[in-house]
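With mmCIF, C-alpha atoms and all ligand atoms inside, this is entry-v5.cif:
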data_target
loop_
_atom_site.label_atom_id
_atom_site.label_comp_id
_atom_site.auth_asym_id
_atom_site.auth_seq_id
_atom_site.Cartn_x
_atom_site.Cartn_y
_atom_site.Cartn_z
CA MET A 1 34.04 -32.96 -2.58
CA GLN A 2 31.52 -30.14 -2.74
CA HIS A 3 33.07 -26.68 -2.39
CA ILE A 4 30.85 -24.50 -0.18
CA VAL A 5 31.63 -20.78 -0.22
CA ILE A 6 30.21 -18.88 2.77
CA ILE A 7 30.08 -15.09 2.41
CA GLY A 8 30.25 -13.23 5.73
CA CYS A 9 31.93 -14.13 9.00
CA GLY A 10 29.69 -12.70 11.67
CA VAL A 11 28.15 -15.11 14.16
CA ILE A 12 25.95 -16.58 11.41
CA GLY A 13 28.66 -17.33 8.83
CA ALA A 14 31.04 -18.63 11.53
CA SER A 15 28.33 -20.91 13.00
CA ILE A 16 27.55 -22.31 9.56
CA ALA A 17 31.24 -22.86 8.82
CA TYR A 18 31.75 -24.78 12.06
CA GLU A 19 28.59 -26.88 11.65
CA LEU A 20 29.49 -27.80 8.04
CA SER A 21 33.11 -28.49 8.98
CA ARG A 22 31.86 -31.57 10.83
CA GLU A 23 30.72 -33.05 7.49
CA PRO A 24 33.59 -34.73 5.63
CA GLN A 25 32.03 -34.31 2.17
CA PHE A 26 32.37 -30.52 2.21
CA ARG A 27 35.34 -28.32 1.37
CA ILE A 28 34.58 -24.92 2.88
CA THR A 29 35.85 -21.41 2.25
CA VAL A 30 34.61 -18.42 4.27
CA LEU A 31 35.07 -14.94 2.77
CA ASP A 32 34.76 -11.68 4.65
CA ARG A 33 35.80 -8.16 3.71
CA GLN A 34 36.82 -7.60 7.35
CA PRO A 35 38.15 -9.66 10.25
CA PRO A 36 35.45 -11.77 11.98
CA ALA A 37 32.68 -10.27 14.15
CA GLN A 38 33.17 -6.65 13.12
CA GLU A 39 29.62 -5.67 12.15
CA ALA A 40 26.32 -6.48 13.95
CA THR A 41 27.90 -9.39 15.82
CA GLY A 42 30.58 -7.17 17.35
CA ALA A 43 27.91 -4.83 18.73
CA ALA A 44 25.58 -7.49 20.16
CA LEU A 45 24.94 -8.19 23.83
CA GLY A 46 24.49 -11.94 23.34
CA VAL A 47 21.28 -12.20 25.34
CA LEU A 48 19.60 -15.50 24.37
CA MET A 49 15.89 -14.99 25.00
CA GLY A 50 14.75 -18.40 23.83
CA ILE A 51 12.49 -19.92 26.47
CA ILE A 52 11.18 -16.57 27.69
CA SER A 53 10.17 -15.54 24.17
CA GLN A 54 6.42 -15.53 23.52
CA LYS A 55 6.92 -17.72 20.42
CA THR A 56 5.29 -21.09 20.97
CA LYS A 57 4.93 -22.70 17.57
CA GLY A 58 6.14 -22.88 13.99
CA ARG A 59 9.62 -22.08 12.74
CA ALA A 60 10.11 -19.20 15.21
CA TRP A 61 9.82 -21.51 18.22
CA ALA A 62 11.52 -24.49 16.56
CA MET A 63 14.62 -22.37 15.87
CA ARG A 64 14.70 -20.96 19.39
CA GLN A 65 14.38 -24.39 20.96
CA ALA A 66 16.98 -25.94 18.64
CA SER A 67 19.43 -23.13 19.43
CA MET A 68 18.95 -23.33 23.19
CA LYS A 69 19.53 -27.09 23.09
CA ARG A 70 22.58 -26.84 20.84
CA TYR A 71 24.20 -24.05 22.88
CA GLU A 72 24.41 -26.38 25.90
CA THR A 73 26.74 -28.70 23.96
CA LEU A 74 28.32 -26.13 21.63
CA ILE A 75 29.99 -23.95 24.27
CA PRO A 76 31.82 -26.80 26.08
CA GLU A 77 32.67 -28.35 22.70
CA LEU A 78 34.27 -25.11 21.45
CA GLU A 79 36.07 -24.53 24.75
CA ALA A 80 37.53 -28.04 24.58
CA ILE A 81 38.65 -27.62 20.95
CA THR A 82 40.13 -24.14 21.33
CA GLY A 83 41.30 -24.32 24.95
CA LYS A 84 39.78 -20.86 25.49
CA ASP A 85 36.99 -19.73 27.81
CA ILE A 86 33.85 -18.33 26.21
CA PRO A 87 32.03 -16.02 28.65
CA TRP A 88 28.73 -17.84 29.11
CA ASN A 89 26.19 -16.83 31.73
CA ARG A 90 24.10 -19.82 32.83
CA GLN A 91 22.20 -17.96 35.57
CA GLY A 92 19.21 -17.22 33.40
CA ILE A 93 17.24 -14.14 32.50
CA LEU A 94 14.98 -12.17 34.82
CA LYS A 95 12.31 -10.25 32.94
CA LEU A 96 10.66 -7.51 34.99
CA LEU A 97 6.93 -6.89 34.71
CA PHE A 98 5.25 -3.52 35.16
CA GLU A 99 1.76 -2.19 35.74
CA GLY A 100 -0.28 -2.98 32.68
CA ASP A 101 1.72 -6.11 31.77
CA ASP A 102 -0.52 -9.11 31.27
CA ARG A 103 0.52 -11.43 34.13
CA ALA A 104 -2.01 -14.07 33.05
CA LYS A 105 -0.32 -14.30 29.65
CA TRP A 106 3.00 -15.08 31.36
CA GLY A 107 1.26 -17.64 33.56
CA ARG A 108 -0.07 -19.41 30.47
CA LEU A 109 3.37 -19.33 28.86
CA ALA A 110 4.96 -20.79 32.02
CA GLU A 111 2.46 -23.68 31.96
CA PHE A 112 3.05 -24.27 28.29
CA ARG A 113 6.83 -24.25 28.67
CA GLN A 114 6.52 -26.72 31.52
CA SER A 115 4.60 -29.05 29.20
CA GLN A 116 7.52 -28.71 26.76
CA GLY A 117 10.08 -29.53 29.44
CA TRP A 118 11.33 -25.98 30.05
CA ARG A 119 11.12 -23.86 33.20
CA LEU A 120 9.68 -20.38 33.74
CA GLU A 121 9.06 -19.07 37.24
CA GLN A 122 6.70 -16.25 38.16
CA TRP A 123 8.14 -14.04 40.88
CA ASP A 124 6.32 -11.60 43.12
CA TRP A 125 7.90 -8.46 44.53
CA GLU A 126 9.07 -10.25 47.72
CA MET A 127 10.93 -12.83 45.67
CA ILE A 128 12.55 -10.15 43.53
CA ARG A 129 13.68 -8.30 46.63
CA SER A 130 15.20 -11.38 48.23
CA ARG A 131 16.98 -12.73 45.10
CA CYS A 132 17.88 -9.48 43.31
CA PRO A 133 17.91 -6.65 45.87
CA GLN A 134 19.58 -4.34 43.33
CA ILE A 135 16.17 -3.94 41.64
CA GLN A 136 14.42 -1.04 43.29
CA ASN A 137 11.71 0.44 41.17
CA PRO A 138 8.19 1.05 42.50
CA ARG A 139 6.69 0.45 39.07
CA VAL A 140 7.93 -3.17 38.98
CA THR A 141 5.00 -5.43 39.87
CA GLY A 142 6.63 -8.84 39.44
CA ALA A 143 8.96 -10.78 37.21
CA VAL A 144 9.36 -13.89 35.14
CA TYR A 145 12.56 -15.81 35.80
CA SER A 146 13.84 -18.07 33.05
CA PRO A 147 16.62 -20.28 34.42
CA ASP A 148 17.15 -22.06 31.10
CA ASP A 149 17.93 -18.93 29.09
CA ARG A 150 21.53 -17.80 28.67
CA GLN A 151 23.90 -15.03 27.61
CA VAL A 152 27.12 -15.41 25.66
CA ASP A 153 29.89 -13.06 24.51
CA PRO A 154 29.14 -12.87 20.76
CA THR A 155 32.64 -11.84 19.65
CA LYS A 156 34.45 -14.50 21.69
CA LEU A 157 31.91 -17.07 20.50
CA THR A 158 32.50 -16.12 16.85
CA LEU A 159 36.28 -16.22 17.23
CA ALA A 160 36.02 -19.66 18.85
CA LEU A 161 33.79 -20.91 16.01
CA VAL A 162 36.38 -19.66 13.50
CA GLU A 163 39.26 -21.32 15.33
CA ALA A 164 37.39 -24.61 15.72
CA ALA A 165 36.32 -24.60 12.06
CA GLN A 166 39.90 -23.84 11.02
CA GLN A 167 41.08 -26.86 12.99
CA ASN A 168 38.52 -28.90 11.04
CA GLY A 169 40.03 -27.71 7.75
CA VAL A 170 37.90 -24.68 6.84
CA THR A 171 39.73 -21.93 4.91
CA PHE A 172 39.02 -18.36 6.09
CA ARG A 173 39.92 -15.41 3.90
CA PHE A 174 39.57 -12.00 5.48
CA ASN A 175 39.91 -8.71 3.55
CA ALA A 176 38.10 -10.60 0.80
CA ASN A 177 35.36 -8.33 -0.51
CA VAL A 178 32.80 -10.15 -2.65
CA THR A 179 31.64 -7.79 -5.36
CA GLN A 180 29.30 -10.06 -7.29
CA LEU A 181 27.76 -13.50 -7.49
CA ARG A 182 28.12 -14.51 -11.15
CA GLN A 183 24.99 -16.16 -12.51
CA GLU A 184 24.48 -18.40 -15.52
CA PRO A 185 21.32 -20.02 -16.84
CA SER A 186 21.02 -23.59 -15.64
CA THR A 187 17.67 -24.64 -17.08
CA ALA A 188 14.95 -22.64 -18.84
CA ASP A 189 13.78 -21.01 -15.63
CA ARG A 190 16.66 -21.50 -13.23
CA PHE A 191 20.11 -20.04 -12.72
CA THR A 192 23.26 -21.27 -11.12
CA CYS A 193 26.08 -19.37 -9.40
CA GLN A 194 29.39 -21.13 -9.82
CA GLN A 195 31.67 -18.11 -9.65
CA VAL A 196 32.07 -15.68 -6.79
CA GLN A 197 33.70 -12.43 -7.87
CA LEU A 198 36.25 -10.92 -5.50
CA GLU A 199 38.01 -7.64 -6.19
CA ASN A 200 40.94 -9.21 -8.06
CA GLU A 201 39.95 -12.79 -8.65
CA MET A 202 37.15 -15.22 -9.25
CA LEU A 203 36.47 -18.16 -6.94
CA SER A 204 34.54 -21.22 -8.08
CA ALA A 205 31.87 -22.75 -5.87
CA ASP A 206 29.46 -25.68 -5.93
CA TRP A 207 27.27 -23.96 -3.35
CA VAL A 208 27.16 -20.38 -2.11
CA VAL A 209 25.82 -19.43 1.32
CA VAL A 210 25.07 -15.71 1.69
CA SER A 211 25.43 -14.84 5.39
CA ALA A 212 26.66 -11.29 4.88
CA GLY A 213 24.24 -9.54 7.24
CA LEU A 214 23.25 -6.19 5.75
CA GLY A 215 25.77 -6.79 2.94
CA SER A 216 23.48 -9.61 1.70
CA MET A 217 21.23 -6.96 0.18
CA GLN A 218 23.86 -5.67 -2.22
CA LEU A 219 25.01 -9.21 -3.11
CA THR A 220 21.53 -10.22 -4.27
CA GLN A 221 20.81 -7.03 -6.24
CA THR A 222 21.48 -8.68 -9.58
CA PHE A 223 19.11 -11.56 -8.78
CA ASN A 224 15.49 -11.88 -9.87
CA GLN A 225 14.31 -11.45 -6.31
CA PRO A 226 16.82 -9.29 -4.41
CA ILE A 227 16.32 -9.37 -0.68
CA ALA A 228 15.37 -6.18 1.13
CA LEU A 229 16.87 -5.52 4.55
CA GLN A 230 16.35 -2.53 6.76
CA PRO A 231 19.23 -1.31 8.97
CA VAL A 232 18.10 -0.86 12.58
CA LEU A 233 20.70 0.89 14.72
CA GLY A 234 21.50 -0.22 18.25
CA GLN A 235 23.67 1.64 20.77
CA ALA A 236 25.00 0.13 23.98
CA MET A 237 27.54 0.78 26.70
CA ARG A 238 29.93 -0.94 29.10
CA ILE A 239 30.00 0.33 32.67
CA LYS A 240 31.92 -0.45 35.85
CA LEU A 241 30.90 -0.28 39.50
CA ILE A 242 33.11 -0.58 42.58
CA GLN A 243 31.42 -3.86 43.46
CA PRO A 244 28.86 -6.12 41.73
CA MET A 245 25.19 -5.40 42.35
CA GLY A 246 23.08 -7.78 44.44
CA ASP A 247 24.02 -11.36 45.30
CA LEU A 248 27.55 -12.21 44.10
CA HIS A 249 26.45 -15.79 43.45
CA PHE A 250 23.31 -14.93 41.50
CA GLN A 251 23.94 -12.63 38.56
CA PRO A 252 21.28 -13.25 35.89
CA VAL A 253 20.69 -10.92 32.95
CA ILE A 254 18.02 -8.44 34.03
CA THR A 255 15.70 -7.12 31.37
CA GLY A 256 12.88 -4.63 31.69
CA GLU A 257 11.11 -2.32 29.26
CA ASP A 258 13.51 -3.52 26.54
CA ILE A 259 16.62 -2.54 28.50
CA HIS A 260 19.15 -5.31 29.19
CA ILE A 261 21.53 -5.21 32.16
CA VAL A 262 24.14 -7.86 31.38
CA PRO A 263 26.62 -8.84 34.13
CA LEU A 264 30.14 -9.46 32.82
CA GLY A 265 31.98 -10.19 36.08
CA ASN A 266 34.49 -7.88 37.76
CA ALA A 267 31.60 -5.46 38.60
CA GLU A 268 31.22 -4.63 34.91
CA TYR A 269 27.98 -4.66 32.94
CA TRP A 270 26.78 -4.14 29.38
CA ILE A 271 23.71 -1.92 29.18
CA GLY A 272 21.63 -1.66 26.02
CA ALA A 273 20.41 -1.33 23.52
CA THR A 274 18.58 1.35 21.58
CA VAL A 275 16.35 0.30 18.67
CA GLU A 276 16.54 3.07 16.03
CA PHE A 277 14.75 2.76 12.73
CA PRO A 278 15.80 4.70 9.64
CA ALA A 279 13.43 7.36 8.37
CA SER A 280 12.33 5.16 5.47
CA ASP A 281 12.64 1.47 4.64
CA GLU A 282 15.48 2.09 2.24
CA GLY A 283 17.11 4.84 4.31
CA MET A 284 20.42 4.42 6.08
CA VAL A 285 20.80 5.26 9.73
CA ASN A 286 23.62 7.65 10.52
CA LEU A 287 26.31 5.45 12.03
CA GLU A 288 28.80 8.28 12.16
CA ARG A 289 26.62 10.30 14.50
CA PRO A 290 24.30 8.06 16.56
CA GLN A 291 21.85 10.06 18.65
CA THR A 292 23.45 10.17 22.08
CA ASP A 293 20.20 11.26 23.73
CA LEU A 294 18.64 7.88 22.85
CA LEU A 295 21.48 5.99 24.55
CA GLU A 296 21.13 8.35 27.51
CA THR A 297 17.44 7.38 27.74
CA VAL A 298 18.40 3.69 27.92
CA TRP A 299 21.05 4.47 30.54
CA GLN A 300 18.60 6.45 32.69
CA GLY A 301 16.06 3.62 32.27
CA ALA A 302 18.65 1.14 33.58
CA ILE A 303 19.40 3.40 36.56
CA ALA A 304 15.68 3.61 37.27
CA LEU A 305 15.60 -0.21 37.51
CA CYS A 306 18.82 -0.56 39.56
CA PRO A 307 19.62 2.80 41.21
CA GLU A 308 23.13 1.63 42.23
CA LEU A 309 24.08 2.00 38.57
CA ALA A 310 24.11 5.77 39.03
CA GLN A 311 27.50 5.32 40.77
CA ALA A 312 29.04 3.57 37.76
CA ASP A 313 31.75 4.79 35.42
CA VAL A 314 30.89 4.50 31.75
CA LEU A 315 33.86 2.68 30.18
CA HIS A 316 32.79 2.98 26.56
CA THR A 317 29.83 3.17 24.21
CA TRP A 318 29.33 1.71 20.73
CA SER A 319 26.75 1.13 18.06
CA GLY A 320 25.94 -1.46 15.42
CA VAL A 321 23.30 -2.07 12.79
CA ARG A 322 20.90 -4.99 12.89
CA PRO A 323 19.80 -6.52 9.56
CA ARG A 324 15.98 -6.59 9.60
CA PRO A 325 14.04 -8.12 6.70
CA SER A 326 11.57 -5.65 5.16
CA ASN A 327 7.99 -6.89 5.00
CA ARG A 328 8.68 -10.41 6.24
CA PRO A 329 9.61 -12.11 9.50
CA ALA A 330 13.24 -12.53 10.56
CA PRO A 331 15.37 -14.45 9.77
CA ILE A 332 15.72 -15.46 6.11
CA VAL A 333 17.10 -19.00 5.94
CA GLU A 334 16.18 -20.56 2.61
CA PRO A 335 17.39 -21.28 -0.93
CA ILE A 336 17.05 -18.34 -3.33
CA ALA A 337 14.11 -19.01 -5.62
CA ASN A 338 15.14 -19.75 -9.21
CA TYR A 339 18.72 -20.60 -8.24
CA THR A 340 20.03 -24.11 -8.00
CA ASN A 341 22.87 -23.55 -5.54
CA VAL A 342 22.51 -20.36 -3.48
CA LEU A 343 21.30 -20.38 0.13
CA LEU A 344 20.43 -17.31 2.18
CA ALA A 345 21.14 -17.19 5.92
CA THR A 346 20.62 -13.59 6.85
CA GLY A 347 18.23 -10.97 8.24
CA HIS A 348 18.43 -12.15 11.85
CA TYR A 349 17.55 -8.70 13.14
CA ARG A 350 17.56 -8.68 16.98
CA ASN A 351 18.20 -12.40 17.51
CA GLY A 352 21.17 -13.43 15.40
CA VAL A 353 23.24 -14.68 18.31
CA LEU A 354 20.28 -16.60 19.69
CA LEU A 355 19.40 -18.16 16.33
CA ALA A 356 22.92 -18.85 15.01
CA PRO A 357 23.16 -22.54 16.02
CA ALA A 358 19.68 -23.34 14.62
CA THR A 359 20.49 -21.44 11.42
CA ALA A 360 23.66 -23.46 10.97
CA GLN A 361 21.75 -26.70 11.48
CA MET A 362 19.13 -25.65 8.92
CA VAL A 363 21.79 -24.79 6.32
CA ARG A 364 23.49 -28.13 6.93
CA SER A 365 20.17 -30.02 6.46
CA MET A 366 19.36 -28.10 3.28
CA LEU A 367 22.76 -28.93 1.77
CA LEU A 368 22.62 -32.57 2.81
CA ASP A 369 19.05 -32.90 1.43
CA HIS A 370 20.19 -31.53 -1.94
CA LEU A 371 23.15 -33.87 -2.10
CA ARG A 372 21.15 -36.96 -1.17
C1 LIG B 1 23.41 -3.20 19.79
C2 LIG B 1 22.98 -4.58 19.36
C3 LIG B 1 22.64 -5.51 20.33
C4 LIG B 1 22.26 -6.81 19.95
N1 LIG B 1 21.98 -7.71 20.92
C5 LIG B 1 21.65 -8.98 20.58
C6 LIG B 1 21.37 -9.93 21.59
O1 LIG B 1 21.44 -9.63 22.79
N2 LIG B 1 21.04 -11.21 21.22
C7 LIG B 1 20.97 -11.57 19.89
O2 LIG B 1 20.66 -12.74 19.61
N3 LIG B 1 21.22 -10.67 18.91
C8 LIG B 1 21.54 -9.38 19.22
N4 LIG B 1 21.78 -8.46 18.26
C9 LIG B 1 21.56 -8.84 16.85
C10 LIG B 1 22.77 -9.57 16.28
O3 LIG B 1 23.90 -8.76 16.47
C11 LIG B 1 22.60 -9.84 14.78
O4 LIG B 1 21.35 -10.45 14.51
C12 LIG B 1 23.69 -10.79 14.30
O5 LIG B 1 24.95 -10.35 14.75
C13 LIG B 1 23.70 -10.91 12.79
O6 LIG B 1 24.82 -11.69 12.45
P1 LIG B 1 25.32 -11.83 10.96
O7 LIG B 1 26.47 -12.76 10.98
O8 LIG B 1 24.16 -12.15 10.07
O9 LIG B 1 25.73 -10.35 10.52
P2 LIG B 1 27.06 -9.50 10.80
O10 LIG B 1 27.57 -9.71 12.15
O11 LIG B 1 26.72 -8.11 10.38
O12 LIG B 1 28.11 -10.13 9.80
C14 LIG B 1 28.04 -9.98 8.40
C15 LIG B 1 29.45 -10.11 7.85
O13 LIG B 1 29.38 -10.10 6.43
C16 LIG B 1 30.49 -9.39 5.94
N5 LIG B 1 30.16 -8.90 4.59
C17 LIG B 1 29.12 -8.13 4.22
N6 LIG B 1 29.13 -7.91 2.90
C18 LIG B 1 30.23 -8.56 2.41
C19 LIG B 1 30.80 -8.71 1.12
N7 LIG B 1 30.25 -8.14 0.03
N8 LIG B 1 31.93 -9.43 0.97
C20 LIG B 1 32.52 -10.01 2.05
N9 LIG B 1 32.02 -9.90 3.31
C21 LIG B 1 30.88 -9.20 3.48
C22 LIG B 1 30.68 -8.26 6.94
O14 LIG B 1 32.01 -7.76 6.91
C23 LIG B 1 30.35 -8.96 8.26
O15 LIG B 1 31.51 -9.48 8.89
C24 LIG B 1 22.20 -7.16 18.58
C25 LIG B 1 22.55 -6.21 17.61
C26 LIG B 1 22.95 -4.95 17.99
C27 LIG B 1 23.35 -3.96 16.93
#
Could you quickly redo this structure as structure tokens?
Ligand SMILES: Cc1cc2nc3c(=O)[nH]c(=O)nc-3n(C[C@H](O)[C@H](O)[C@H](O)COP(=O)(O)OP(=O)(O)OC[C@H]3O[C@@H](n4cnc5c(N)ncnc54)[C@H](O)[C@@H]3O)c2cc1C
Amino acid sequence: MQHIVIIGCGVIGASIAYELSREPQFRITVLDRQPPAQEATGAALGVLMGIISQKTKGRAWAMRQASMKRYETLIPELEAITGKDIPWNRQGILKLLFEGDDRAKWGRLAEFRQSQGWRLEQWDWEMIRSRCPQIQNPRVTGAVYSPDDRQVDPTKLTLALVEAAQQNGVTFRFNANVTQLRQEPSTADRFTCQQVQLENEMLSADWVVVSAGLGSMQLTQTFNQPIALQPVLGQAMRIKLIQPMGDLHFQPVITGEDIHIVPLGNAEYWIGATVEFPASDEGMVNLERPQTDLLETVWQGAIALCPELAQADVLHTWSGVRPRPSNRPAPIVEPIANYTNVLLATGHYRNGVLLAPATAQMVRSMLLDHLR
């Protein structure tokens, strides 16, 4: 049996663990220095902008499409295995358009998606008013409604993936800080990593999957080609109204000018998120003191889209840091060059929840291809 060691238990590591746990030839151990879903995953809003994304070809679209398809089976599968509900909004995403937005571009995308078997509807102002009367902003000129896009609670999803993987025999070790990936020469120009160094012990591995989010950077520092990730801060908030906005039976995610309004039920909503770059590529954003004025700008932007929100109580605010690859597109899902047995699954930046199922499928295929 091949021993696969997965480092990191955010939504990416947990998705990989569950996907691999369905393969009998793997023995799997997941290591995390914290409990699951504490870093980027715990901050995410879980908006899955797959079909409504402007990506139409190559890996970027293939991963989006694969994820959207897999989510439809994954959520009921996990709910059946764990016996727990995973908050999963199947009412789609409504993207608002403003003066200056290229309506023709969205029309072309809608036609193209139709040819691919997906739906995108173009809405005029009348349609917006009748379906989502909570939107009252004179600058909104129309909308694109994507009924096939979704939203999921990223923390509950990750916990369900962990529980389901555990039931399939995966070992999870939390409070397990990986300090180093030990490398040895394998051939003249290649290395192998058969030992994972924890604080007080060494763990042997046939394959190592690095899905440690921003922590992946430090883990690959000793390698020939360390990966470079930039931390991009995001702040968000949870708010509560006296009653839900708009039609009780139609509560899609509303997104406009990069602000998401995510219905949670019980008249509560997530609102977010800021996108805050560090001063330099290598710089760290200040997580201890996020700039509250930037979150306030997002909040006021949300109120400008749905004025009823001004009556809401803010229940709490939080921040997290997205792992963004420097100088290359997100995400990084590939073997490390010059290593025989290390795979990277990291750098998912703003779309880690969206791309988690496709990432897990890619890692599974890479491992199975190598073992063939
Ligand atoms: C505010 C905000 C909103 C977002 N909204 C969305 C959204 O709507 N949709 C979407 O798709 N994405 C969204 N994202 C992005 C998404 O959160 C990330 O892309 C995704 O969570 C990355 O997952 P991950 O598992 O790679 O990383 P993480 O969740 O950061 O997990 C990495 C794990 O690795 C562990 N680790 C690190 N180093 C080590 C080590 N040396 N040893 C052991 N363990 C280690 C950490 O403890 C952590 O648990 C959002 C992000 C933020 C911040």
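A straight line drawn from CA of Val144 in chain A to CA of Leu96 in chain A is 6.5 Å long.
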*Could you pull out the residues sitting within 6 Å of ligand LIG 1 (chain B), using only C-alpha atoms and all ligand atoms, and write them as a ChimeraX atom specification?*
/A:7-13,31-34,36-41,43-48,176-179,211-213,215,233-236,273,319-322,346,348-354
_Option closest in space to Glu72 in chain A, from A:Asp124, A:Ile52, A:Tyr339, A:Pro357 [counting all atoms listed in the file]_ = A:Pro357
_With all atoms listed in the file as the counted atoms, please give the residues lying no more than 7 Å from Arg324 in chain A, apart from itself and same-chain residues fewer than 4 positions off, as a ChimeraX atom specification._
/A:229-232,330,347-349
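Atom pair CA of Glu334 in chain A / CA of Leu355 in chain A: separated by 14.3 Å.
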Sorted by chain and rising residue number, list the residues of range 237-323 of chain A at most 9 Å from range 147-163 of chain A (counting all atoms listed in the file), each with its closest atom pair and distance in Å to one decimal, as a tab-separated table.
residue	atom	partner	partner_atom	distance
A:Pro252	CA	A:Arg150	CA	8.5
A:Val253	CA	A:Gln151	CA	7.5
A:Val262	CA	A:Gln151	CA	8.1
Would you write out those residues with C-alpha atoms, as a tab-separated table (two decimals), keeping the file's coordinate frame?
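Saved result, out.tsv, follows:
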chain	number	residue	atom	x	y	z
A	252	PRO	CA	21.28	-13.25	35.89
A	253	VAL	CA	20.69	-10.92	32.95
A	262	VAL	CA	24.14	-7.86	31.38
*State, in Å with one decimal place, the distance from CA of Glu276 in chain A to CA of Thr297 in chain A.*
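Taking CA of Glu276 in chain A and CA of Thr297 in chain A, their separation equals 12.5 Å.
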_Contacts of Ser204 in chain A at 12 Å (only C-alpha atoms; same-chain gap of 4+ positions) as a ChimeraX atom specification_ = /A:2-6,27-29,181-183,192-198,208
